[in-house]
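So this one's data-v1.cif, mmCIF, C-alpha atoms:
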data_model
loop_
_atom_site.label_atom_id
_atom_site.label_comp_id
_atom_site.auth_asym_id
_atom_site.auth_seq_id
_atom_site.Cartn_x
_atom_site.Cartn_y
_atom_site.Cartn_z
CA MET A 1 120.26 -121.02 -56.78
CA THR A 2 121.75 -122.63 -53.66
CA ASP A 3 118.63 -124.42 -52.46
CA ALA A 4 115.47 -125.93 -53.96
CA GLN A 5 113.29 -123.64 -51.86
CA ASP A 6 111.10 -121.18 -53.76
CA LEU A 7 112.86 -117.89 -53.03
CA THR A 8 109.89 -115.86 -54.22
CA ALA A 9 108.29 -116.86 -50.89
CA PRO A 10 109.34 -115.07 -47.69
CA THR A 11 112.56 -116.46 -46.28
CA HIS A 12 113.10 -117.18 -42.59
CA MET A 13 115.53 -114.27 -42.64
CA ARG A 14 112.88 -111.87 -43.93
CA ARG A 15 110.35 -113.03 -41.37
CA GLU A 16 112.89 -112.64 -38.59
CA ILE A 17 113.80 -109.14 -39.74
CA GLU A 18 110.11 -108.25 -39.55
CA GLU A 19 110.03 -109.68 -36.01
CA ILE A 20 112.74 -107.27 -34.79
CA PRO A 21 110.33 -104.56 -33.56
CA GLU A 22 108.25 -107.03 -31.54
CA ALA A 23 111.33 -108.90 -30.26
CA SER A 24 112.80 -105.64 -28.97
CA ARG A 25 109.47 -104.69 -27.36
CA ARG A 26 109.44 -108.07 -25.62
CA LEU A 27 112.99 -107.58 -24.33
CA LEU A 28 112.25 -104.07 -23.07
CA ALA A 29 109.10 -105.24 -21.30
CA GLU A 30 110.29 -108.55 -19.88
CA GLY A 31 114.02 -108.03 -19.52
CA THR A 32 114.35 -104.56 -18.01
CA PRO A 33 113.56 -105.48 -14.36
CA GLY A 34 116.12 -108.30 -14.36
CA ILE A 35 118.75 -106.20 -16.11
CA ARG A 36 118.20 -103.43 -13.55
CA ARG A 37 118.90 -105.94 -10.76
CA ILE A 38 122.03 -107.17 -12.53
CA ALA A 39 123.30 -103.60 -12.85
CA LYS A 40 123.01 -103.20 -9.07
CA GLU A 41 124.76 -106.53 -8.45
CA ALA A 42 127.60 -105.53 -10.77
CA GLY A 43 128.42 -102.64 -8.48
CA ALA A 44 131.15 -100.31 -9.73
CA PRO A 45 133.49 -102.24 -12.03
CA VAL A 46 136.90 -100.74 -12.77
CA PHE A 47 136.70 -101.83 -16.40
CA LEU A 48 134.65 -104.01 -18.72
CA ALA A 49 135.57 -106.90 -20.99
CA SER A 50 133.68 -108.86 -23.61
CA VAL A 51 133.97 -112.28 -25.19
CA ALA A 52 132.07 -113.28 -28.33
CA ARG A 53 132.47 -114.38 -31.93
CA GLY A 54 130.86 -113.49 -35.27
CA SER A 55 127.82 -111.23 -35.14
CA SER A 56 127.90 -111.44 -31.35
CA ASP A 57 131.40 -109.95 -31.39
CA HIS A 58 130.11 -107.06 -33.50
CA ALA A 59 127.47 -106.53 -30.81
CA ALA A 60 130.29 -106.48 -28.25
CA THR A 61 132.17 -103.89 -30.32
CA PHE A 62 129.05 -101.73 -30.31
CA LEU A 63 128.91 -102.00 -26.51
CA LYS A 64 132.60 -101.12 -26.26
CA TYR A 65 131.98 -97.74 -27.87
CA ALA A 66 128.91 -97.20 -25.69
CA ALA A 67 130.85 -97.99 -22.51
CA GLU A 68 133.85 -95.89 -23.37
CA ILE A 69 131.99 -92.86 -24.74
CA TYR A 70 129.08 -92.71 -22.29
CA LEU A 71 130.31 -94.51 -19.14
CA GLY A 72 133.99 -93.58 -19.33
CA LEU A 73 134.92 -97.21 -18.67
CA ALA A 74 137.45 -99.03 -20.85
CA MET A 75 136.11 -102.23 -22.43
CA ALA A 76 138.49 -104.85 -23.79
CA SER A 77 137.67 -107.60 -26.27
CA LEU A 78 139.08 -110.84 -24.86
CA GLY A 79 140.57 -113.39 -27.24
CA PRO A 80 138.74 -116.67 -26.56
CA SER A 81 141.76 -118.73 -27.60
CA VAL A 82 143.86 -117.13 -24.85
CA SER A 83 141.90 -119.23 -22.39
CA SER A 84 140.75 -122.23 -24.44
CA VAL A 85 143.90 -122.95 -26.50
CA TYR A 86 146.78 -121.18 -24.74
CA HIS A 87 145.42 -121.62 -21.20
CA GLY A 88 146.37 -118.07 -20.32
CA ARG A 89 144.80 -116.21 -17.42
CA VAL A 90 144.00 -112.54 -17.93
CA ARG A 91 143.62 -110.56 -14.69
CA LEU A 92 139.91 -109.79 -14.53
CA ASN A 93 139.14 -109.62 -10.83
CA GLN A 94 137.93 -105.99 -11.03
CA ALA A 95 136.05 -106.40 -14.30
CA LEU A 96 132.51 -106.79 -15.47
CA VAL A 97 132.79 -109.46 -18.17
CA ILE A 98 130.00 -109.63 -20.76
CA ALA A 99 129.77 -112.83 -22.80
CA ILE A 100 127.48 -112.81 -25.85
CA SER A 101 126.38 -116.01 -27.57
CA GLN A 102 123.09 -116.91 -29.23
CA SER A 103 123.42 -120.58 -28.38
CA GLY A 104 125.49 -120.20 -25.22
CA ALA A 105 127.32 -123.37 -26.20
CA SER A 106 130.68 -122.53 -27.79
CA PRO A 107 133.49 -124.09 -25.70
CA ASP A 108 135.96 -121.22 -26.21
CA ILE A 109 133.46 -118.62 -24.98
CA LEU A 110 132.61 -120.78 -21.99
CA SER A 111 136.29 -121.22 -21.11
CA VAL A 112 136.73 -117.45 -20.79
CA VAL A 113 133.65 -117.14 -18.59
CA GLU A 114 134.92 -119.93 -16.32
CA SER A 115 138.36 -118.34 -16.10
CA ALA A 116 136.95 -114.88 -15.38
CA ALA A 117 134.56 -116.18 -12.73
CA GLY A 118 137.39 -118.08 -11.08
CA GLN A 119 139.28 -114.81 -10.66
CA GLY A 120 136.37 -113.00 -9.08
CA ALA A 121 135.06 -111.11 -12.12
CA PHE A 122 131.33 -110.45 -12.30
CA THR A 123 130.19 -112.31 -15.41
CA VAL A 124 127.05 -111.59 -17.41
CA GLY A 125 125.88 -113.88 -20.21
CA LEU A 126 123.67 -112.47 -22.96
CA THR A 127 122.08 -115.42 -24.72
CA ASN A 128 119.01 -116.46 -26.67
CA THR A 129 119.07 -119.91 -25.02
CA THR A 130 118.01 -119.67 -21.40
CA GLY A 131 119.00 -123.25 -20.49
CA SER A 132 122.45 -122.97 -22.04
CA GLU A 133 125.78 -123.65 -20.42
CA LEU A 134 126.62 -119.95 -20.72
CA ALA A 135 123.55 -119.06 -18.67
CA ARG A 136 124.54 -121.65 -16.06
CA LEU A 137 128.16 -120.53 -15.77
CA SER A 138 127.53 -116.79 -15.67
CA ALA A 139 126.97 -114.97 -12.38
CA ALA A 140 123.97 -113.38 -14.09
CA ALA A 141 122.26 -114.38 -17.32
CA VAL A 142 120.07 -112.25 -19.58
CA ASP A 143 117.55 -113.85 -21.90
CA ILE A 144 117.61 -111.54 -24.92
CA CYS A 145 114.02 -112.59 -25.72
CA ALA A 146 114.55 -112.76 -29.48
CA GLY A 147 112.61 -115.99 -29.88
CA PRO A 148 113.65 -118.85 -32.20
CA GLU A 149 115.89 -117.77 -35.08
CA ARG A 150 115.90 -120.29 -37.94
CA SER A 151 117.93 -118.43 -40.53
CA VAL A 152 121.67 -119.07 -40.25
CA ALA A 153 122.27 -115.34 -40.72
CA ALA A 154 121.68 -113.64 -37.37
CA THR A 155 119.40 -110.61 -37.42
CA LYS A 156 117.02 -110.22 -34.50
CA THR A 157 119.50 -111.90 -32.13
CA PHE A 158 122.18 -109.35 -33.06
CA VAL A 159 119.79 -106.46 -32.49
CA ASN A 160 118.46 -107.77 -29.18
CA SER A 161 121.98 -108.55 -27.94
CA VAL A 162 122.89 -104.90 -28.47
CA VAL A 163 119.66 -103.67 -26.90
CA ALA A 164 120.20 -105.90 -23.84
CA GLY A 165 123.78 -104.67 -23.48
CA LEU A 166 122.72 -101.04 -23.82
CA LEU A 167 120.04 -101.53 -21.18
CA LEU A 168 122.69 -102.91 -18.84
CA LEU A 169 125.11 -100.06 -19.51
CA GLY A 170 122.33 -97.48 -19.26
CA GLU A 171 121.29 -98.85 -15.87
CA ILE A 172 124.88 -98.99 -14.60
CA GLY A 173 125.46 -95.39 -15.66
CA GLY A 174 122.02 -94.07 -14.75
CA ASP A 175 121.77 -92.72 -18.30
CA LYS A 176 118.14 -91.61 -18.57
CA ALA A 177 118.59 -90.20 -22.10
CA LEU A 178 119.80 -93.57 -23.37
CA LEU A 179 117.11 -95.53 -21.53
CA ASP A 180 114.40 -93.23 -22.91
CA ALA A 181 115.78 -93.64 -26.43
CA LEU A 182 115.80 -97.42 -26.07
CA ALA A 183 112.11 -97.31 -25.18
CA ASP A 184 111.41 -95.70 -28.56
CA LEU A 185 113.43 -98.23 -30.57
CA PRO A 186 110.70 -100.72 -31.55
CA ASP A 187 108.78 -98.02 -33.42
CA GLN A 188 112.01 -96.82 -35.06
CA PHE A 189 112.83 -100.38 -36.14
CA GLU A 190 109.44 -100.63 -37.87
CA LYS A 191 110.26 -97.54 -39.91
CA ALA A 192 113.76 -98.77 -40.68
CA ILE A 193 112.55 -101.97 -42.34
CA SER A 194 110.86 -99.92 -45.07
CA MET A 195 113.96 -97.92 -46.05
CA ASN A 196 114.89 -98.72 -49.67
CA TRP A 197 118.62 -99.26 -50.20
CA GLN A 198 118.29 -101.15 -53.47
CA ALA A 199 120.37 -98.53 -55.31
CA LEU A 200 123.40 -100.31 -53.81
CA ALA A 201 122.82 -103.47 -55.81
CA GLU A 202 124.06 -102.66 -59.32
CA PRO A 203 127.41 -101.05 -58.37
CA ILE A 204 128.21 -103.93 -56.03
CA GLU A 205 127.34 -106.53 -58.65
CA GLN A 206 129.54 -104.79 -61.17
CA ARG A 207 132.61 -104.87 -58.92
CA GLY A 208 131.96 -107.87 -56.66
CA SER A 209 133.59 -106.15 -53.69
CA LEU A 210 133.05 -103.09 -51.51
CA TYR A 211 134.04 -101.17 -48.40
CA VAL A 212 131.63 -100.50 -45.56
CA ILE A 213 132.75 -97.58 -43.40
CA GLY A 214 131.58 -96.17 -40.10
CA ARG A 215 132.94 -94.50 -36.99
CA GLY A 216 132.38 -95.26 -33.32
CA PRO A 217 129.25 -97.39 -32.86
CA GLY A 218 128.70 -97.07 -36.61
CA LEU A 219 131.93 -99.04 -37.14
CA ALA A 220 130.43 -101.98 -35.26
CA ILE A 221 127.45 -101.82 -37.64
CA ALA A 222 129.86 -101.66 -40.59
CA HIS A 223 131.54 -104.89 -39.45
CA GLU A 224 128.17 -106.62 -39.13
CA ALA A 225 127.14 -105.44 -42.60
CA ALA A 226 130.41 -106.62 -44.15
CA LEU A 227 129.92 -110.05 -42.63
CA LYS A 228 126.41 -110.32 -44.02
CA PHE A 229 127.60 -109.45 -47.54
CA LYS A 230 130.01 -112.36 -47.37
CA GLU A 231 127.83 -114.98 -45.74
CA THR A 232 124.53 -114.36 -47.56
CA CYS A 233 125.58 -112.95 -50.95
CA GLN A 234 129.06 -114.30 -51.68
CA VAL A 235 130.27 -110.70 -52.01
CA HIS A 236 133.61 -109.64 -50.56
CA ALA A 237 133.25 -106.69 -48.20
CA GLU A 238 135.67 -105.06 -45.78
CA ALA A 239 134.76 -102.78 -42.89
CA TYR A 240 136.89 -99.77 -41.96
CA SER A 241 136.54 -96.73 -39.80
CA SER A 242 136.18 -93.56 -41.85
CA ALA A 243 139.56 -92.52 -40.41
CA GLU A 244 141.40 -95.82 -40.93
CA VAL A 245 140.28 -96.17 -44.55
CA MET A 246 142.41 -93.10 -45.35
CA HIS A 247 145.56 -94.87 -44.13
CA GLY A 248 145.99 -97.04 -47.22
CA PRO A 249 142.74 -98.74 -48.27
CA VAL A 250 141.47 -95.55 -49.97
CA SER A 251 144.10 -96.03 -52.70
CA ILE A 252 141.98 -98.61 -54.57
CA VAL A 253 138.84 -96.47 -54.60
CA GLU A 254 138.30 -95.47 -58.24
CA ASN A 255 136.37 -96.47 -61.36
CA GLY A 256 133.06 -96.96 -59.58
CA TYR A 257 134.37 -98.93 -56.59
CA PRO A 258 131.37 -99.12 -54.22
CA ILE A 259 131.36 -97.82 -50.65
CA LEU A 260 128.56 -97.93 -48.08
CA ALA A 261 129.16 -95.15 -45.55
CA LEU A 262 127.09 -95.47 -42.38
CA GLY A 263 126.67 -92.01 -40.92
CA VAL A 264 125.38 -91.50 -37.38
CA ARG A 265 124.06 -88.27 -35.92
CA ASP A 266 127.01 -87.81 -33.56
CA ALA A 267 130.38 -86.04 -33.31
CA ALA A 268 131.89 -88.23 -36.05
CA GLU A 269 129.27 -87.46 -38.71
CA ASP A 270 131.10 -84.50 -40.28
CA GLY A 271 134.34 -86.44 -40.67
CA LEU A 272 132.58 -89.47 -42.14
CA ALA A 273 130.75 -87.27 -44.66
CA GLN A 274 134.04 -85.67 -45.68
CA ALA A 275 135.63 -89.09 -46.18
CA ALA A 276 132.65 -90.22 -48.24
CA ASP A 277 132.87 -87.16 -50.46
CA ARG A 278 136.61 -87.55 -50.92
CA MET A 279 136.15 -91.14 -52.12
CA ALA A 280 133.37 -90.00 -54.45
CA ASP A 281 135.80 -87.42 -55.87
CA GLN A 282 138.30 -90.23 -56.52
CA GLY A 283 135.73 -92.02 -58.66
CA GLY A 284 134.16 -94.26 -56.05
CA ARG A 285 130.44 -94.98 -56.06
CA VAL A 286 129.63 -93.90 -52.53
CA PHE A 287 126.28 -94.31 -50.78
CA ALA A 288 125.87 -92.64 -47.39
CA THR A 289 123.29 -92.46 -44.62
CA THR A 290 123.90 -88.80 -43.83
CA ASP A 291 122.52 -85.55 -45.21
CA LYS A 292 125.94 -83.92 -44.83
CA VAL A 293 127.49 -85.41 -47.98
CA ARG A 294 127.77 -83.21 -51.06
CA ARG A 295 129.02 -85.59 -53.75
CA ALA A 296 128.24 -89.04 -52.37
CA GLU A 297 124.74 -90.44 -52.97
CA ARG A 298 122.34 -90.32 -50.03
CA LEU A 299 120.46 -93.36 -48.76
CA PRO A 300 117.24 -92.98 -46.76
CA PHE A 301 117.64 -93.52 -43.02
CA VAL A 302 115.73 -93.28 -39.77
CA SER A 303 117.04 -90.70 -37.33
CA THR A 304 116.49 -91.30 -33.61
CA ARG A 305 117.01 -89.13 -30.55
CA HIS A 306 120.25 -90.72 -29.33
CA PRO A 307 123.49 -91.45 -31.25
CA LEU A 308 123.61 -95.06 -30.05
CA THR A 309 120.08 -95.91 -31.12
CA ASP A 310 120.69 -93.91 -34.29
CA ALA A 311 123.52 -96.28 -35.15
CA LEU A 312 121.65 -99.45 -34.22
CA VAL A 313 118.53 -98.69 -36.23
CA GLN A 314 120.60 -98.64 -39.44
CA ILE A 315 121.41 -102.34 -39.27
CA VAL A 316 117.70 -103.08 -39.61
CA SER A 317 117.51 -101.13 -42.87
CA PHE A 318 120.62 -102.97 -44.01
CA TYR A 319 119.18 -106.38 -43.10
CA ALA A 320 116.09 -105.67 -45.21
CA PHE A 321 118.36 -104.79 -48.12
CA ILE A 322 120.76 -107.73 -47.81
CA GLU A 323 117.98 -110.33 -47.64
CA TRP A 324 116.54 -108.89 -50.87
CA PHE A 325 119.99 -108.67 -52.45
CA ALA A 326 120.80 -112.31 -51.65
CA ARG A 327 117.62 -113.47 -53.36
CA ARG A 328 118.32 -111.19 -56.33
CA ARG A 329 121.67 -112.95 -56.70
CA GLY A 330 120.02 -116.37 -56.56
CA PHE A 331 121.09 -117.32 -53.04
CA ASN A 332 119.00 -118.58 -50.16
CA PRO A 333 120.06 -116.34 -47.25
CA ASP A 334 118.70 -118.89 -44.79
CA ILE A 335 121.31 -121.46 -45.82
CA PRO A 336 124.65 -119.77 -46.56
CA ARG A 337 127.33 -121.95 -48.13
CA HIS A 338 129.50 -123.97 -45.74
CA LEU A 339 127.79 -122.53 -42.63
CA LYS A 340 125.42 -123.82 -39.97
CA LYS A 341 123.37 -122.08 -37.31
CA VAL A 342 125.42 -123.09 -34.27
CA THR A 343 129.20 -122.98 -34.63
CA GLN A 344 131.26 -124.38 -31.77
CA THR A 345 134.96 -123.56 -31.66
CA VAL A 346 137.66 -124.39 -29.14
#
Translate this structure into structure tokens?
Amino acid sequence: MTDAQDLTAPTHMRREIEEIPEASRRLLAEGTPGIRRIAKEAGAPVFLASVARGSSDHAATFLKYAAEIYLGLAMASLGPSVSSVYHGRVRLNQALVIAISQSGASPDILSVVESAAGQGAFTVGLTNTTGSELARLSAAAVDICAGPERSVAATKTFVNSVVAGLLLLGEIGGDKALLDALADLPDQFEKAISMNWQALAEPIEQRGSLYVIGRGPGLAIAHEAALKFKETCQVHAEAYSSAEVMHGPVSIVENGYPILALGVRDAAEDGLAQAADRMADQGGRVFATTDKVRRAERLPFVSTRHPLTDALVQIVSFYAFIEWFARRRGFNPDIPRHLKKVTQTV
């Protein structure tokens, strides 16, 4: 066990997972008017860009798919080191730049925001720390309203970062269907916490490694899940799109190799289910959140009324599983090895 704490008691991570529904309700209630104003101030950007690291970068990847699929606007992920280490200047004068950081304090993220603002880009900071340097430097700052997060492993801050970004994109695009679906999310999150994914545990423990696959916004969730396997459970996990996994990585799937396939009720669901079944045929132990698989094993999931919220709700079911799995393996998920809550990089 990695810490003297009694891990039969609720961890900070578990409590914060259970706070996700209320944290999202708070954001929707308190943040929507301000986000609506920011959307008007942003005007009509030619393209979008994001800057973030870790779980926040997975949130940015989620928003990239949302922007490109539903707004028709390209969204680039900016390399923080381009500005902070190499002192490069990317032309961003016609962009809406979204910076995501829980602490709002990492120097490399701040350097990109300063550079973008200096070129005339409209910068928006999504942060859980209202008095942070990111909030000060950004043209507009959004408090994601997650409340204090004590566990090193981000959960409710990841979810609320995505929700805040989706609110912004929904307001920019006037997407009523998305905005209506976001209003339903807190209730969906409550259901998602109770989904039982414990069937994953034994195959993963037997092999000590796995793939997590998704497509579109589900790929962003796959990356977040893979990170959590590594940081909370000391389990190696790699995230791939259900298309990219077929270009080489699929060759090692045999003899019970575990795969978590995150299916979303969208245009990519059929293809993901086919990939999951193919890997099951090869001898993989495949668990999928879709009813369209025939040979892979089905995991329970909450279906929502929009593909984007359908993807996001799955990370909450995963968080409930991974917190339990970490404790099963004798780890304290609140205090991952060699990590701390705020990481500042240049």
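Using all atoms listed in the file, the shortest contact distance between A:Gly120 and any of A:Pro45, A:Gly271, A:Gly147, A:Ser84 is found at A:Pro45.
Of the listed residues (A:Arg328, A:Arg26, A:Pro217, A:Phe318), A:Pro217 comes nearest to A:Ala267; the distances count all atoms listed in the file.
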Exercise: A:Ala60 partners within 10 Å, only C-alpha atoms, chain neighbours under 5 positions left out, as a list in words:
Ala49, Ser50, Val51, Ala52, Arg53, Gly54, Ser55, Tyr65, Ala66, Met75, Ala76, Ser77, Ile98, Ala99, Ile100, Phe158, Ser161, Val162, Gly165 and Ala220 of chain A
Specify as a PyMOL selection string each residue included when the PyMOL selection byres ((chain A and resi 240) around 12) is applied to this file.
chain A and resi 210-216+218-226+237-239+241-250+259-262+272+275
Length of the atom CA of A:Ile144 to atom CA of A:Thr127 vector [Å]
5.9 Å
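The interatomic distance for the pair atom CA of A:Ile204 and atom CA of A:Phe331 works out to 15.5 Å.
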Given only C-alpha atoms as the counted atoms, nearest of A:Ala311, A:Leu169, A:Ala153, A:Ala183 to A:Thr11:
A:Ala153
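Neighbours of A:Ala74 closer than or equal to 8 Å, with all atoms listed in the file counted and sequence neighbours fewer than 3 positions away skipped, come out as Phe47, Leu48, Lys64, Ala67 and Glu68 of chain A.
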Could you jot down the atom CA of A:Ala201 to atom CA of A:Phe325 separation for me, Å, one decimal place?
6.8 Å
Which centre and edge lengths in Å to one decimal define the box along x, y and z that fits every listed atom of stretch 106-123 of chain A plus 4 Å per side, as AutoDock Vina command-line options?
--center_x 134.7 --center_y -117.3 --center_z -18.4 --size_x 17.1 --size_y 21.6 --size_z 26.7
Hey, what's within 8 Å of A:Val253 if we count only C-alpha atoms and toss same-chain stuff fewer than 4 positions away? As a ChimeraX atom specification, please?
/A:249,257-258,279,282-284
Show me the residues around (135.8, -116.0, -15.7) - criterion: an atom at most 12 Å away, only C-alpha atoms counted - as a VMD selection string.
chain A and resid 49 to 51 78 80 83 to 84 88 to 99 108 to 125 134 137 to 139
Print the selection's residues with C-alpha atoms to a file, as a short mmCIF file (atom, residue, chain, number, x, y, z; two decimals), in the coordinates of the input.
data_model
loop_
_atom_site.label_atom_id
_atom_site.label_comp_id
_atom_site.auth_asym_id
_atom_site.auth_seq_id
_atom_site.Cartn_x
_atom_site.Cartn_y
_atom_site.Cartn_z
CA ALA A 49 135.57 -106.90 -20.99
CA SER A 50 133.68 -108.86 -23.61
CA VAL A 51 133.97 -112.28 -25.19
CA LEU A 78 139.08 -110.84 -24.86
CA PRO A 80 138.74 -116.67 -26.56
CA SER A 83 141.90 -119.23 -22.39
CA SER A 84 140.75 -122.23 -24.44
CA GLY A 88 146.37 -118.07 -20.32
CA ARG A 89 144.80 -116.21 -17.42
CA VAL A 90 144.00 -112.54 -17.93
CA ARG A 91 143.62 -110.56 -14.69
CA LEU A 92 139.91 -109.79 -14.53
CA ASN A 93 139.14 -109.62 -10.83
CA GLN A 94 137.93 -105.99 -11.03
CA ALA A 95 136.05 -106.40 -14.30
CA LEU A 96 132.51 -106.79 -15.47
CA VAL A 97 132.79 -109.46 -18.17
CA ILE A 98 130.00 -109.63 -20.76
CA ALA A 99 129.77 -112.83 -22.80
CA ASP A 108 135.96 -121.22 -26.21
CA ILE A 109 133.46 -118.62 -24.98
CA LEU A 110 132.61 -120.78 -21.99
CA SER A 111 136.29 -121.22 -21.11
CA VAL A 112 136.73 -117.45 -20.79
CA VAL A 113 133.65 -117.14 -18.59
CA GLU A 114 134.92 -119.93 -16.32
CA SER A 115 138.36 -118.34 -16.10
CA ALA A 116 136.95 -114.88 -15.38
CA ALA A 117 134.56 -116.18 -12.73
CA GLY A 118 137.39 -118.08 -11.08
CA GLN A 119 139.28 -114.81 -10.66
CA GLY A 120 136.37 -113.00 -9.08
CA ALA A 121 135.06 -111.11 -12.12
CA PHE A 122 131.33 -110.45 -12.30
CA THR A 123 130.19 -112.31 -15.41
CA VAL A 124 127.05 -111.59 -17.41
CA GLY A 125 125.88 -113.88 -20.21
CA LEU A 134 126.62 -119.95 -20.72
CA LEU A 137 128.16 -120.53 -15.77
CA SER A 138 127.53 -116.79 -15.67
CA ALA A 139 126.97 -114.97 -12.38
#
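Candidate residues A:Ala280, A:Cys233, A:Leu63, A:Val82 were compared for distance to A:Arg329, and the nearest is A:Cys233, using only C-alpha atoms.
Here the PyMOL selection byres ((chain A and resi 290) around 8) matches the residues Leu262, Gly263, Val264, Arg265, Glu269, Ala273, Ala288, Thr289, Asp291, Lys292, Val293, Arg298, Leu299 and Phe301 of chain A.
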